[in-house]
Structures are given as structure tokens and as C-alpha cells.
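> Supplied structure: input-v6.txt, compact mmCIF, C-alpha atoms.
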```txt
# COMPACT_ATOMS: atom_id res chain seq x y z
CA MET A 1 -5.84 61.93 -47.31
CA SER A 2 -8.89 62.58 -45.07
CA ALA A 3 -11.20 63.79 -47.87
CA PRO A 4 -11.18 60.58 -49.93
CA GLN A 5 -11.85 58.53 -46.80
CA SER A 6 -14.95 60.58 -45.84
CA GLN A 7 -16.82 59.87 -49.06
CA PRO A 8 -17.06 56.07 -48.70
CA SER A 9 -18.11 56.55 -45.08
CA SER A 10 -20.88 58.95 -46.07
CA ALA A 11 -21.99 56.60 -48.85
CA ALA A 12 -22.06 53.68 -46.40
CA ASP A 13 -24.14 55.68 -43.93
CA PHE A 14 -26.50 56.71 -46.73
CA LEU A 15 -26.97 53.11 -47.84
CA SER A 16 -27.45 52.06 -44.24
CA GLY A 17 -30.27 54.59 -44.00
CA VAL A 18 -31.87 53.23 -47.18
CA LYS A 19 -31.63 49.69 -45.78
CA SER A 20 -33.24 50.77 -42.50
CA ALA A 21 -36.12 52.33 -44.44
CA LEU A 22 -36.73 49.25 -46.56
CA THR A 23 -36.69 46.90 -43.56
CA SER A 24 -38.86 48.98 -41.22
CA VAL A 25 -42.58 48.64 -40.65
CA PHE A 26 -43.08 52.03 -42.30
CA PHE A 27 -42.08 50.45 -45.61
CA LEU A 28 -45.28 48.40 -45.47
CA VAL A 29 -47.29 51.39 -44.25
CA LEU A 30 -46.09 53.63 -47.08
CA ALA A 31 -46.55 50.88 -49.64
CA GLY A 32 -50.18 50.40 -48.64
CA THR A 33 -50.87 54.11 -48.27
CA TYR A 34 -49.49 55.05 -51.67
CA ILE A 35 -51.29 52.20 -53.42
CA GLY A 36 -54.42 53.94 -52.18
CA ILE A 37 -53.16 57.39 -53.24
CA GLY A 38 -52.21 56.04 -56.67
CA ALA A 39 -55.72 54.66 -57.13
CA LEU A 40 -57.19 57.97 -55.97
CA ALA A 41 -55.10 59.94 -58.46
CA HIS A 42 -56.14 57.59 -61.26
CA ASP A 43 -59.84 57.97 -60.39
CA PHE A 44 -59.56 61.76 -60.54
CA GLY A 45 -57.85 61.61 -63.93
CA PHE A 46 -54.35 62.79 -63.03
CA ALA A 47 -51.34 61.56 -65.02
CA SER A 48 -48.92 59.07 -63.46
CA TRP A 49 -45.99 61.50 -63.83
CA TRP A 50 -48.03 64.15 -61.97
CA LEU A 51 -48.60 61.66 -59.16
CA ALA A 52 -44.87 60.91 -58.88
CA LEU A 53 -43.92 64.60 -58.96
CA SER A 54 -46.50 65.57 -56.34
CA SER A 55 -45.31 62.72 -54.11
CA MET A 56 -41.75 64.08 -54.17
CA LEU A 57 -42.71 67.75 -53.79
CA VAL A 58 -45.55 67.54 -51.28
CA TRP A 59 -44.15 64.50 -49.43
CA ALA A 60 -47.00 64.10 -46.97
CA ALA A 61 -49.76 61.60 -47.63
CA PRO A 62 -52.62 63.57 -45.98
CA ALA A 63 -51.62 66.75 -47.80
CA GLN A 64 -51.37 64.86 -51.07
CA VAL A 65 -54.86 63.43 -50.59
CA ILE A 66 -56.11 66.98 -49.98
CA LEU A 67 -54.35 68.21 -53.12
CA ILE A 68 -55.72 65.43 -55.33
CA SER A 69 -59.23 65.71 -53.93
CA ALA A 70 -59.34 69.50 -54.14
CA LEU A 71 -57.98 69.80 -57.68
CA GLY A 72 -59.98 66.79 -58.83
CA ALA A 73 -63.17 68.43 -57.55
CA GLY A 74 -62.37 71.61 -59.47
CA ALA A 75 -61.21 73.82 -56.61
CA PRO A 76 -59.08 76.85 -57.56
CA LEU A 77 -55.34 76.31 -57.40
CA PHE A 78 -54.92 78.94 -54.68
CA GLU A 79 -57.47 77.26 -52.40
CA ALA A 80 -55.85 73.85 -52.93
CA ALA A 81 -52.40 75.30 -52.19
CA LEU A 82 -53.69 76.99 -49.03
CA ALA A 83 -55.29 73.76 -47.80
CA VAL A 84 -52.07 71.82 -48.41
CA THR A 85 -50.06 74.50 -46.62
CA LEU A 86 -52.32 74.41 -43.56
CA SER A 87 -52.04 70.62 -43.50
CA ALA A 88 -48.25 70.81 -43.73
CA ILE A 89 -47.97 73.15 -40.73
CA ARG A 90 -48.22 70.06 -38.49
CA LEU A 91 -44.78 69.01 -39.76
CA PHE A 92 -43.07 72.20 -38.59
CA PRO A 93 -42.65 71.08 -34.95
CA MET A 94 -41.18 67.82 -36.27
CA VAL A 95 -38.56 69.74 -38.25
CA VAL A 96 -37.73 71.84 -35.19
CA ALA A 97 -37.26 68.69 -33.09
CA LEU A 98 -35.22 66.83 -35.72
CA LEU A 99 -32.67 69.38 -36.95
CA PRO A 100 -30.81 69.72 -33.61
CA LEU A 101 -30.08 65.98 -33.82
CA LEU A 102 -28.50 66.46 -37.25
CA ARG A 103 -26.60 69.70 -36.72
CA GLY A 104 -22.93 69.41 -35.86
CA GLU A 105 -20.13 71.92 -35.45
CA ARG A 106 -19.31 71.84 -39.18
CA THR A 107 -22.84 71.42 -40.51
CA ARG A 108 -23.76 74.09 -43.05
CA LEU A 109 -27.24 75.55 -43.38
CA ARG A 110 -27.65 74.20 -46.90
CA ASP A 111 -26.91 70.69 -45.62
CA LEU A 112 -30.08 70.85 -43.52
CA LEU A 113 -32.41 71.97 -46.32
CA LEU A 114 -32.85 68.48 -47.74
CA PRO A 115 -33.65 66.81 -44.40
CA ALA A 116 -36.08 69.65 -43.66
CA HIS A 117 -37.96 68.88 -46.88
CA PHE A 118 -37.70 65.13 -46.28
CA THR A 119 -39.30 65.40 -42.83
CA SER A 120 -42.46 63.32 -42.70
CA VAL A 121 -44.20 61.23 -40.07
CA SER A 122 -42.39 58.00 -41.00
CA MET A 123 -38.97 59.59 -41.38
CA TRP A 124 -39.35 61.64 -38.19
CA VAL A 125 -40.40 58.72 -35.99
CA GLU A 126 -37.61 56.47 -37.22
CA SER A 127 -35.01 59.25 -37.06
CA LEU A 128 -35.78 60.01 -33.42
CA ARG A 129 -35.48 56.31 -32.68
CA LEU A 130 -32.27 55.56 -34.61
CA LEU A 131 -30.21 58.77 -34.75
CA PRO A 132 -29.30 59.02 -31.03
CA GLY A 133 -27.40 55.74 -31.38
CA LEU A 134 -25.20 57.11 -34.19
CA PRO A 135 -22.21 59.48 -33.97
CA ARG A 136 -23.31 63.00 -34.89
CA GLU A 137 -21.08 63.17 -37.98
CA ARG A 138 -22.85 60.11 -39.46
CA ARG A 139 -26.42 61.20 -38.82
CA LEU A 140 -26.96 63.51 -41.79
CA ALA A 141 -26.05 60.95 -44.45
CA PHE A 142 -28.01 58.23 -42.64
CA CYS A 143 -31.08 60.47 -42.38
CA ASN A 144 -30.93 61.35 -46.08
CA GLY A 145 -30.67 57.66 -46.95
CA LEU A 146 -33.61 56.86 -44.70
CA SER A 147 -35.67 59.55 -46.41
CA VAL A 148 -34.72 58.50 -49.94
CA GLY A 149 -35.70 54.93 -49.08
CA TYR A 150 -39.12 56.04 -47.88
CA MET A 151 -39.71 58.42 -50.78
CA SER A 152 -38.69 55.78 -53.33
CA THR A 153 -41.14 53.39 -51.71
CA ALA A 154 -43.93 55.96 -51.94
CA VAL A 155 -43.27 56.80 -55.59
CA SER A 156 -42.92 53.15 -56.62
CA PHE A 157 -46.09 51.94 -54.94
CA GLY A 158 -47.93 55.04 -56.12
CA PHE A 159 -47.36 53.72 -59.65
CA VAL A 160 -48.56 50.27 -58.53
CA GLY A 161 -51.80 51.71 -57.18
CA TYR A 162 -52.23 53.92 -60.22
CA TYR A 163 -52.08 51.06 -62.70
CA LEU A 164 -54.07 48.68 -60.47
CA ALA A 165 -56.81 51.25 -59.87
CA ALA A 166 -59.29 49.51 -62.15
CA GLU A 167 -58.96 46.30 -60.10
CA LEU A 168 -58.76 47.89 -56.64
CA PRO A 169 -62.04 48.05 -54.65
CA ARG A 170 -62.81 51.56 -53.42
CA LEU A 171 -63.32 50.43 -49.83
CA PHE A 172 -59.97 48.66 -49.83
CA ALA A 173 -58.22 51.72 -51.31
CA GLY A 174 -59.77 53.92 -48.62
CA GLY A 175 -58.68 51.51 -45.91
CA LEU A 176 -55.09 51.64 -47.15
CA LEU A 177 -55.07 55.43 -46.66
CA PHE A 178 -55.92 54.84 -43.00
CA LEU A 179 -52.61 53.03 -42.42
CA THR A 180 -50.61 56.25 -42.08
CA PRO A 181 -52.47 57.85 -39.13
CA MET A 182 -52.73 54.50 -37.34
CA SER A 183 -49.02 53.75 -37.73
CA PHE A 184 -48.15 57.23 -36.47
CA LEU A 185 -50.39 56.77 -33.44
CA ILE A 186 -48.88 53.39 -32.56
CA SER A 187 -45.29 54.58 -33.12
CA THR A 188 -45.84 57.72 -31.05
CA ALA A 189 -47.31 55.67 -28.21
CA ARG A 190 -44.34 53.28 -28.37
CA ASN A 191 -41.80 56.11 -28.31
CA ALA A 192 -43.50 58.04 -25.49
CA ARG A 193 -41.08 57.75 -22.59
CA GLN A 194 -41.83 60.68 -20.26
CA MET A 195 -45.07 61.43 -18.48
CA VAL A 196 -45.58 64.65 -20.42
CA ASP A 197 -45.42 62.77 -23.73
CA LYS A 198 -47.94 60.15 -22.61
CA LEU A 199 -50.24 62.83 -21.18
CA ALA A 200 -50.12 64.90 -24.39
CA LEU A 201 -50.99 61.81 -26.44
CA ALA A 202 -53.89 60.86 -24.15
CA LEU A 203 -55.27 64.40 -24.12
CA GLY A 204 -55.00 64.57 -27.90
CA LEU A 205 -56.98 61.34 -28.29
CA ILE A 206 -59.72 62.86 -26.11
CA LEU A 207 -59.69 66.41 -27.48
CA GLY A 208 -59.47 65.52 -31.19
CA PRO A 209 -62.76 63.60 -31.49
CA LEU A 210 -64.54 66.25 -29.40
CA LEU A 211 -63.47 69.01 -31.79
CA VAL A 212 -64.43 66.95 -34.83
CA ALA A 213 -67.85 66.13 -33.36
CA ASN A 214 -68.47 69.83 -32.77
CA HIS A 215 -67.32 70.75 -36.32
CA VAL A 216 -64.49 72.99 -35.11
CA GLN A 217 -62.39 74.25 -38.00
CA LEU A 218 -58.66 73.36 -38.02
CA ASP A 219 -59.40 70.64 -35.48
CA LEU A 220 -56.00 68.93 -35.92
CA MET A 221 -54.10 72.13 -35.21
CA TRP A 222 -56.18 72.96 -32.13
CA THR A 223 -55.84 69.38 -30.89
CA GLY A 224 -52.05 69.60 -31.03
CA LEU A 225 -51.88 73.05 -29.46
CA GLY A 226 -54.44 72.30 -26.75
CA ALA A 227 -53.19 68.85 -25.73
CA GLY A 228 -49.52 69.87 -25.86
CA THR A 229 -50.10 73.03 -23.85
CA LEU A 230 -52.17 71.26 -21.20
CA ALA A 231 -49.55 68.53 -20.83
CA TYR A 232 -46.81 71.19 -20.49
CA VAL A 233 -48.79 73.08 -17.84
CA VAL A 234 -49.36 69.88 -15.84
CA ARG A 235 -45.65 69.11 -16.00
CA ARG A 236 -44.68 72.59 -14.74
CA VAL A 237 -47.22 72.39 -11.91
CA ARG A 238 -45.83 69.00 -10.82
CA GLU A 239 -42.27 70.32 -10.95
CA ALA A 240 -43.22 73.39 -8.91
CA ALA A 241 -44.98 71.20 -6.33
CA THR A 242 -41.90 69.05 -5.86
```
Once you've parsed the file, please lay out its structure as C-alpha cells.

Amino acid sequence: MSAPQSQPSSAADFLSGVKSALTSVFFLVLAGTYIGIGALAHDFGFASWWLALSSMLVWAAPAQVILISALGAGAPLFEAALAVTLSAIRLFPMVVALLPLLRGERTRLRDLLLPAHFTSVSMWVESLRLLPGLPRERRLAFCNGLSVGYMSTAVSFGFVGYYLAAELPRLFAGGLLFLTPMSFLISTARNARQMVDKLALALGLILGPLLVANHVQLDLMWTGLGAGTLAYVVRRVREAAT
């Protein structure tokens, strides 16, 4: 009798995740961002179905902008794939931080593959905020619902931007793409609780522009590694001193 009862519960948790996605601020962020990406794809001559498929497979707005821009400019497929891969490396620490929140005693490896693919800035920030308040057995379904809600938003508004591209000013479309990094910055600052988190964020805001101004390659990666390592070292020194 337990098996039939678990399915409605999982479905309810999934729908609760979808509802959380559609009522969060990231719904507006993704809507604006993907209107811009849809317009960008239209300007480069990509088909609308290609835009939808790349949104679901790449599932990272900065990487998708890189993909569209690189292929649209005539770059070889291998170079575009390499650039997208390097951009996606930034999501790996997010996956590592998220999966322990989802894994339970009976969780199978294949159950974690979908959340691993679904991991994005919006989903990661909201998951870290909402999952600790849920029982562990409900988190996986809720997280998948949250992710499906965000991905559906991205695909839907990608179509909106694609078909409104002729009417959308270029400056406005570019501004919409800026919503994602700004929302991530604000959400990260809001969720920073410990000193080491706040210090890493502050150091990153200082180190990032310096690397960009000096034309350092892979500036985003070095910003994360440098700021995170320095914040960790400061924390260990403070702990040793006390």
C-alpha cells in the first residue's frame, strides 16, 4: 500500500517546485534574459527550434550566448564547443554543493543525473534557500519541479524574444542579458551568512575587474579560484589564532 501513496506525494512536491519557480524573482530574470537570447538567435539566423533545443541542452544563459555568437560568427564547431565547456566549468562547484542536499539513503545515482544537468545559477540559489526547510525524501522531486519551471520559462520567453526580434531595440535586448549576472550577484550577497562567504564575494568583486582590465585570459575562473582561496586562507588563519 506504500507505493501508491508515494506517487501523489512526489507529484505534489514536483508541482510545488514548479509553483516556487513561477513565483520567484528568477522567473522575471529568466524571462527578460531569454527574450534577449531569443532576439540574439534570430539576428544570427538560427531557427526557433534550434534555440529551444540549445536552451534545454546547454541550460546556461552565458554559455548559450557564447554558443550563438561563436557559431553565428562562423567559428568552427570544436572551438564553440570548447568555449561553452570552459564557461560551464563554473557550474561544477554548484553541482558539488547541491547534490549532498538531495542525496538520501535510498537515492540512486541515476536519480541525481537530472538535477546535475538542471543545475544553473537560478536553480542553485533557490535550491540552497528552500531545500533545507524540506524533509530529505521530498527534496529531489521539489528540485526537479523547480528546474522544470525555470527551463519552461526560458524556452517560452526565448520564443517570445525570437518572434519579437524585429521590434526589439538592440540596446534593450543587450540590457536584458545583463539581468542574469546582476540577479546572481544580489542573490549571492543576500544568501551570504558566514564571514568567509562575504569575504569571498568582496574579493571577487575586486579581483574580477582587475583581471579584466589587464586582459587576463579565463578571468572568471581565476577570479573564483583566487577569491575563494584567499577567503579560505583568511578563515583558517583566524581559526588558528583563536
> Of the candidates A:Leu112, A:Gly228, A:Met151, A:His215, which one gets nearest to A:Leu201 if we count all atoms listed in the file?
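Comparing A:Leu112, A:Gly228, A:Met151, A:His215 against A:Leu201, the winner is A:Gly228.
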> Could you check how far atom CA of A:Leu225 sits from atom CA of A:Ala83, in Å to one decimal?
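Straight-line distance from atom CA of A:Leu225 to atom CA of A:Ala83 works out to 18.7 Å.
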> Dig up all the protein and nucleic acid residues within 12 Å of (-55.0, 63.8, -28.6) in the file frame, using only C-alpha atoms, and format them as JSON, numbers by chain.
{"A": [185, 188, 189, 197, 198, 199, 200, 201, 202, 203, 204, 205, 206, 207, 208, 209, 210, 211, 212, 219, 220, 221, 222, 223, 224, 225, 226, 227, 228, 229, 230, 231]}
> What does the distance between atom CA of A:Ser48 and atom CA of A:Pro62 come to in Å, to one decimal place?
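If I compute the distance from atom CA of A:Ser48 to atom CA of A:Pro62, I get 18.4 Å.
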> Which residue gives the smallest distance to A:Leu114 among A:Ala47, A:Cys143, A:Val29, A:Val84, with all atoms listed in the file counted?
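Ranking A:Ala47, A:Cys143, A:Val29, A:Val84 by distance to A:Leu114, first place goes to A:Cys143.
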> Using only C-alpha atoms, pick whichever of A:Gly158, A:Gly145, A:Pro76, A:Pro169 has the shortest atom-to-atom distance to A:Leu15.
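Nearest candidate to A:Leu15 out of A:Gly158, A:Gly145, A:Pro76, A:Pro169: A:Gly145.
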> Just checking: using all atoms listed in the file, which residue out of A:Ser156, A:Ser87, A:Ser16, A:Ser54 ends up closest to A:Thr33?
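Comparing A:Ser156, A:Ser87, A:Ser16, A:Ser54 against A:Thr33, the winner is A:Ser156.
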> Excluding same-chain residues fewer than 5 positions from stretch 129-135 of chain A, what lies within 10 Å of it counting all atoms listed in the file, as a list of chain:residue names?
A:Asp13, A:Gly17, A:Ser20, A:Leu98, A:Leu101, A:Leu102, A:Met123, A:Trp124, A:Leu140, A:Phe142, A:Cys143, A:Ser187, A:Asn191
> Hey, can you check how far atom CA of A:Tyr162 sits from atom CA of A:Leu53?
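Here the two named atoms are 13.6 Å from each other.
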